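S.K.: My structure is below; once you've seen it, I'll send some questions.
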Amino acid sequence: MNNEFNMSVSPVCTKDGKQYAFVSFSDETRSAEGQIPECTIIKNNGFSSQEVEQLEDYMRRELRQLKKMAAGIRILDAFMK
């Protein structure tokens, strides 16, 4: 898999008492969106099944850090930029 891609993490969302966040991966031609804490890719546009497995493995390995990133995002601060 090409290691040159962008990753972003959404703020923490809550639905039916469950907390989750989205992790997006993209490069010049492909994109994928995963959900944590499930660490599953829920949308994929162009990544192979092997690459999707690698992205899911990455989310599992980095789950603690991804959760911290999501928890640290303040929506109002994003609008003020």
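Naming works like this for the structure tokens: A, B, ... for the chains as they're shown, residue 1 at the start of each chain, ligands 1 onward in shown order.
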Please return, as a VMD selection string, all residues of chain A that DSSP assigns to helix (DSSP H, G or I) on the basis of the backbone.
M.R.: chain A and resid 49 to 61 63 to 71 75 to 80
S.K.: Using only C-alpha atoms, which residues sit within 10 Å of Phe47 (chain A) once same-chain residues fewer than 6 positions away are excluded, as a list in words?
M.R.: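 Contacts, in chain order: Met1, Phe25, Ser26, Thr29, Arg30, Ser31, Ala32, Glu53 and Leu55 of chain A.
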S.K.: Which neighbours of Thr40 (chain A) fall inside 6 Å, counting only C-alpha atoms, when residues of the same chain fewer than 3 positions from it are skipped, and could you give them as a ChimeraX atom specification?
M.R.: /A:34-35,56
S.K.: For Ala21 (chain A), find every residue with an atom within 12 Å (counting only C-alpha atoms), except residues of its own chain fewer than 5 positions away, and show them as a ChimeraX atom specification.
M.R.: /A:8-15,33-42,59,63,66-73
S.K.: Do you have the CA of Met7 (chain A)-CA of Tyr58 (chain A) distance handy?
M.R.: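 Separating CA of Met7 (chain A) from CA of Tyr58 (chain A) is a distance of 11.4 Å.
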S.K.: Taking into account only C-alpha atoms, which residue in the set A:Glu4, A:Asp57, A:Asp27, A:Glu62 is nearest to Asn45 (chain A)?
M.R.: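 Smallest separation from Asn45 (chain A) among the options: A:Asp27.
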S.K.: Based on DSSP run over this structure's backbone, return all residues of chain A in strand (DSSP E), as a ChimeraX atom specification.
M.R.: /A:6-9,13-15,18-26,31-36,40-45
